[in-house]
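A short write-up of the structure that comes next.
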Amino acid sequence: MKKKRYATFSFLIIGILTSLLWIYPFYLVIVNSFKTRGEIFRSPLNLPIDFILDNYPVAFARLEFVQSFYNSALVTSGSIVLIVFCTSMAAYALSRRPSKTSSVIYFLFAILMLVPFQSIMIPLVAIFGAVDMLNRTGLAIMYLGLGSSLAIFLYFGALRGIPKALDEAAIMDGCNRFQIYWYIMLPMLKPTTVTVIVLNAIWFWNDYLLPSLVINRPGMHTIPLKTFYFFGEYSRQWNLALAGLVLAIIPIIILYMFLQKYIIKGISDGSVK
Amino acid sequence: MKFRQSTYWLFLLPCLLAITIVIIYPFLQGVYFSFTEYNGFQITEFVGLSNYRQLLSDQNFLNSLSFTARFSIASIVGINVMGLGLALLVTQKTSKLSTIFRTIYFMPNLIGGIILGFIWQFIYLRAFDGLAQLTGWDFFSGWLADTETGFWGLVILFVWQMSGYIMVIYISFLNNVPQELLEASTIDGANAWQRFMHVKFPLIAPAFTISLFLTLSNAFKVYDQNMALTGGGPFGSTEMVTMNIYNTAFMTRQMGYAQAKAVIFLIIVASLSVIQIYFTRKREVDM
């Protein structure tokens with residue numbers, strides 16, 4: 001028993017040490033964001049001597065934080081709504097009409113997962129540019145195309161577990177297909193919807209490359225885009241750059257604190273299935 | 001009680017339309033572009049295989065390919081060792097802190113590659129400088145100034161980021177290891193190491209396949225972290241394939257040539273994934 005207590009204790013110590021190692025980069029960024037530029041150069045590892053808040057209002061203004069946050073939220077939520085409804089409908093149709101056609105379509109979605117974004121990026125921008133769709137609507141459509149395979153798999157897997165007798169009973173009661181989907185399937189698919197939202201929200205919120213090609217215009221910049229330009233401009237002024245990074249991270253950390261149970265479950269369901 | 005044909009197609013329409021205009025059509029057009037001289041506005045010439053021939057002697061592209069391959073191998077080893085280690089650590093159920101540990105290790109995955117790259121740029125440039133002054137060790141000075149530190153800088157960043165993700169996958173498999181099996185082996189006199197090697201390890205083998213190839217394809221497709229941390233510098237020596245494609249397309253505007261690179265990139269990534277699926281399936285049959 002004594003040996004067991006010793007093992008428990010050493011696991012605890014290793015756990016604490018690795019956690020500190022994991023947090024340390026965040027800690028340094030936060031601590032240094034309260035220093036003057038000169039102090040960051042003199043002593044980057046120490047706590048601030050005079051704790052100053054001046055960096056934040058400047059970074060907040062230069063990042064156009066309210067605007068960027070709004071743009072990120074709009075792009076992320078709009079794309080998620082589109083992907084949740086379209087893919088759950090598609091998966092419902094595929095799961096309730098087993099046929100050769102359905103298998104072929106399912107297989108098509110599977111193969112498309114193999115295509116990395118960079119290999120279609122050039123023509124994609126050219127095509128959407130030609131029809132004047134390099135805007136937020138175009139971006140949401142691109143996300144739907146790029147994200148539908150995984151979402152359809154997740155919904156399809158869940159739908160297989162819902163008995164078809166339920167559909168039949170509803171049809172007896174006079175429901176049409178859309179009513180079954182809307183009033184019966186969608187509520188029952190809620191856990192999968194949470195997974196789909198989590199996986200896609202992390203992707204859309206943080207994505208840099210695709211928005212940089214599609215909505216790279218003043219007034220439309222999302223947080224990652226704005227951070228990129230802001231950092232380029234102020235990379236010699238670490239005090240402002242670091243305050244900007246902290247501002248960019250805060251919304252995610254707050255959300256994570258409230259939703260971490262769903263987020264970790266979503267990730268694990270999404271990658272294992 | 002089958003779906004009516006018209007309703008069936010109506011339900012499928014939005015997704016089918018989206019993949020057609022976002023992936024299938026661009027893919028076909030991309031293959032066509034790769035045989036041409038294209039500047040982003042018009043195709044000036046049909047050049048056949050000449051873009052592909054040019055690739056074979058393009059030192060920058062070949063360097064970026066080998067840099068990406070080396071980066072991927074180092075990251076895969078680092079991430080999987082670390083991820084499995086962390087998973088074993090937090091599934092010990094020794095204290096209430098386990099949940100907090102798990103939350104912390106996972107955190108970097110929620111933050112975008114651009115922001116993570118900038119955070120680590122600060123760590124390598126300023127904090128390491130401070131550590132060099134504090135300890136007097138040469139090891140901490142001059143990070144990101146040459147290819148070697150640029151390479152390891154990227155690997156460390158990526159391992160720090162992805163280990164928590166892979167940990168989550170290992171945890172979900174470790175939690176499915178039947179408790180009775182572990183108890184039985186303890187009664188039979190197995191120690192912690194033997195329990196891991198002979199009971200847990202065979203049962204989490206599928207997690208191994210998933211994680212290995214998930215890290216492989218993610219490492220191959222890294223762009224944001226590369227862009228924010230080193231920007232490909234010094235002198236393009238830490239440029240990965242994705243950045244090489246991007247620069248060829250949007251900096252020098254040789255879109256046809258860039259698309260030929262993109263097609264090769266597609267073939268590499270797709271074949272790696274197909275090999276993954278093959279091995280995963282095979283393992284499932286064995287189980």
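Residues are named by chain letter and number: chains run A, B, ... in the order of the structure tokens, numbers start at 1 in each chain, and ligands are numbered from 1 in the order shown.
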
List as a tab-separated table every residue of chain A that is in contact with chain B, defined as an atom at most 6 Å from one of its atoms (using only C-alpha atoms), together with the nearest atom pair and the distance in Å rounded to one decimal, sorted by chain and then rising number.
residue	atom	partner	partner_atom	distance
A:Thr8	CA	B:Thr94	CA	5.8
A:Pro44	CA	B:Ala127	CA	5.6
A:Met89	CA	B:Phe11	CA	5.3
A:Ala90	CA	B:Leu12	CA	4.5
A:Ala93	CA	B:Tyr8	CA	5.5
A:Arg97	CA	B:Phe3	CA	5.9
A:Leu114	CA	B:Ala270	CA	5.1
A:Ser119	CA	B:Ala262	CA	4.4
A:Ile120	CA	B:Phe27	CA	5.5
A:Pro123	CA	B:Pro26	CA	5.1
A:Leu124	CA	B:Pro26	CA	5.3
A:Met142	CA	B:Val22	CA	5.7
A:Gly145	CA	B:Ile19	CA	4.4
A:Asn206	CA	B:Gly112	CA	4.4
A:Ser268	CA	B:Ile169	CA	5.6

Would you mind exporting C-alpha atoms of the selected residues as a PDB file, in the first residue's frame?
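Okay, this is what ended up in part.pdb:
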ATOM      1  CA  THR A   8       0.136   8.279  -6.694  1.00  0.00           C
ATOM      2  CA  PRO A  44      10.921  39.106 -20.044  1.00  0.00           C
ATOM      3  CA  MET A  89     -31.066  16.558 -43.984  1.00  0.00           C
ATOM      4  CA  ALA A  90     -28.713  14.855 -46.410  1.00  0.00           C
ATOM      5  CA  ALA A  93     -32.229  11.009 -46.758  1.00  0.00           C
ATOM      6  CA  ARG A  97     -33.429   5.180 -48.568  1.00  0.00           C
ATOM      7  CA  LEU A 114      -8.981  12.942 -48.943  1.00  0.00           C
ATOM      8  CA  SER A 119      -4.912  21.372 -53.793  1.00  0.00           C
ATOM      9  CA  ILE A 120      -8.171  23.070 -54.812  1.00  0.00           C
ATOM     10  CA  PRO A 123      -9.308  27.207 -58.872  1.00  0.00           C
ATOM     11  CA  LEU A 124     -11.767  27.672 -55.992  1.00  0.00           C
ATOM     12  CA  MET A 142     -17.207  26.961 -49.191  1.00  0.00           C
ATOM     13  CA  GLY A 145     -18.654  22.071 -49.220  1.00  0.00           C
ATOM     14  CA  ASN A 206      -9.682  30.057 -36.022  1.00  0.00           C
ATOM     15  CA  SER A 268     -13.317  12.601 -29.031  1.00  0.00           C
TER      16      SER A 268
END

Exercise: Leu56 of chain B partners within 12 Å, only C-alpha atoms, chain neighbours under 4 positions left out, as a JSON list (two decimals) with N, CA and C atoms, in the first residue's frame:
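File produced: part14.json:
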[["chain", "number", "residue", "atom", "x", "y", "z"],
["B", 49, "LEU", "N", 3.02, 18.64, -70.02],
["B", 49, "LEU", "CA", 3.62, 18.19, -68.76],
["B", 49, "LEU", "C", 4.77, 19.06, -68.29],
["B", 50, "SER", "N", 4.99, 20.18, -68.96],
["B", 50, "SER", "CA", 6.21, 20.94, -68.67],
["B", 50, "SER", "C", 6.26, 21.47, -67.23],
["B", 51, "ASN", "N", 5.09, 21.83, -66.65],
["B", 51, "ASN", "CA", 5.09, 22.25, -65.24],
["B", 51, "ASN", "C", 5.61, 21.14, -64.33],
["B", 52, "TYR", "N", 5.18, 19.92, -64.64],
["B", 52, "TYR", "CA", 5.59, 18.79, -63.80],
["B", 52, "TYR", "C", 7.08, 18.49, -63.97],
["B", 60, "ASN", "N", 13.72, 24.74, -54.49],
["B", 60, "ASN", "CA", 12.90, 25.26, -53.38],
["B", 60, "ASN", "C", 11.76, 24.31, -53.04],
["B", 61, "PHE", "N", 11.12, 23.81, -54.10],
["B", 61, "PHE", "CA", 9.99, 22.91, -53.88],
["B", 61, "PHE", "C", 10.46, 21.61, -53.23],
["B", 62, "LEU", "N", 11.55, 21.06, -53.76],
["B", 62, "LEU", "CA", 12.05, 19.80, -53.21],
["B", 62, "LEU", "C", 12.50, 19.98, -51.76],
["B", 63, "ASN", "N", 13.13, 21.14, -51.47],
["B", 63, "ASN", "CA", 13.50, 21.42, -50.08],
["B", 63, "ASN", "C", 12.28, 21.49, -49.17],
["B", 65, "LEU", "N", 9.48, 20.10, -49.60],
["B", 65, "LEU", "CA", 8.92, 18.75, -49.46],
["B", 65, "LEU", "C", 9.70, 17.95, -48.40],
["B", 260, "ALA", "N", 0.33, 22.59, -60.37],
["B", 260, "ALA", "CA", 1.02, 21.31, -60.56],
["B", 260, "ALA", "C", 1.58, 20.83, -59.23],
["B", 261, "LYS", "N", 2.16, 21.75, -58.45],
["B", 261, "LYS", "CA", 2.64, 21.39, -57.11],
["B", 261, "LYS", "C", 1.47, 20.90, -56.25],
["B", 264, "ILE", "N", 0.55, 17.32, -57.00],
["B", 264, "ILE", "CA", 1.49, 16.39, -56.37],
["B", 264, "ILE", "C", 1.21, 16.29, -54.87]]

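Shortest separation to Arg217 of chain A among A:Asn71, A:Ile152, A:Val196, A:Glu233 occurs at residue A:Asn71, atoms counted being only C-alpha atoms.
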
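Residues in contact with Asn176 of chain A at up to 12 Å, not including ones fewer than 3 positions away on its chain and judged by only C-alpha atoms, are Asp167, Glu168, Ala169, Ala170, Ile171, Met172, Asp173, Gln179, Ile180, Tyr181, Trp182, Tyr183 and Ile184 of chain A; Met1, Lys2, Phe3, Arg4 and Thr7 of chain B.
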
Those same residues, written as a CSV table (one decimal), in the first residue's frame with C-alpha atoms?
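Once everything was written out, this is part.csv:
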chain,number,residue,atom,x,y,z
A,167,ASP,CA,-40.7,7.1,-39.2
A,168,GLU,CA,-43.4,4.7,-40.1
A,169,ALA,CA,-45.5,5.5,-37.1
A,170,ALA,CA,-45.2,9.2,-37.9
A,171,ILE,CA,-46.3,8.7,-41.5
A,172,MET,CA,-49.3,6.7,-40.2
A,173,ASP,CA,-50.1,9.8,-38.2
A,179,GLN,CA,-42.1,17.2,-40.6
A,180,ILE,CA,-40.5,13.9,-39.4
A,181,TYR,CA,-37.1,15.4,-40.0
A,182,TRP,CA,-37.9,18.6,-38.2
A,183,TYR,CA,-40.0,17.4,-35.3
A,184,ILE,CA,-38.6,14.0,-34.6
B,1,MET,CA,-42.2,3.0,-46.4
B,2,LYS,CA,-39.6,4.4,-48.7
B,3,PHE,CA,-38.6,8.0,-49.2
B,4,ARG,CA,-40.2,9.5,-52.2
B,7,THR,CA,-38.1,14.4,-51.5

Original post:
Taking the backbone alone, and naming residues the way the document does, which bits of segment 173-268 of chain A are helix (DSSP H, G or I) by DSSP, as an MDAnalysis selection string?
Top reply: chainID A and resid 177:188 190:206 209:214 223:234 238:268

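Going from atom CA of Ala241 of chain A to atom CA of Thr147 of chain B covers 24.8 Å.
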
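Of the residues under consideration (A:Pro116, A:Arg136, A:Phe178, A:Phe34), A:Pro116 shows the shortest atom-to-atom contact distance to Ile268 of chain B when counting only C-alpha atoms.
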
**OP:** Excluding segment 162-164 of chain A and residues on its chain fewer than 6 positions from it, collect all residues at most 9 Å away from it, counting only C-alpha atoms, and give them as an MDAnalysis selection string.
**Re:** chainID A and resid 96 185 188

File dump, residues just selected, C-alpha atoms, as an mmCIF file, in the first residue's frame:
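As a result, result-v9.cif now contains:
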data_model
loop_
_atom_site.group_PDB
_atom_site.id
_atom_site.type_symbol
_atom_site.label_atom_id
_atom_site.label_comp_id
_atom_site.auth_asym_id
_atom_site.auth_seq_id
_atom_site.Cartn_x
_atom_site.Cartn_y
_atom_site.Cartn_z
ATOM 1 C CA ARG A 96 -33.721 6.143 -44.932
ATOM 2 C CA MET A 185 -35.129 13.466 -36.086
ATOM 3 C CA MET A 188 -33.154 13.187 -31.377
#

Original post:
Hey, can you check how far atom CA of Pro25 of chain A sits from atom CA of Asn46 of chain A?
Top reply: 13.3 Å

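Distances to Asn200 of chain A were evaluated for A:Leu146, A:Val104, A:Leu63, A:Val115 using only C-alpha atoms, and the minimum falls at A:Leu146.
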
**OP:** Can you pull out every residue within 9 Å of Ser72 of chain A, counting only C-alpha atoms, but drop anything in the same chain fewer than 4 positions away, and send it as a PyMOL selection string?
**Re:** chain A and resi 67-68+76-77+204-206+220-224

Subject >> d(atom CA of Leu17 of chain A, atom CA of Met82 of chain B) in Å >> reply: 13.7 Å

Subject >> Minimum-distance residue to Phe65 of chain A, chosen among A:Ala158, A:Ile83, A:Val131, A:Ala248 (using only C-alpha atoms) >> reply: A:Ala248

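Counting only C-alpha atoms, the residue from A:Ile52, A:Leu82, A:Leu240, A:Leu245 that sits nearest to Leu139 of chain A is A:Leu82.
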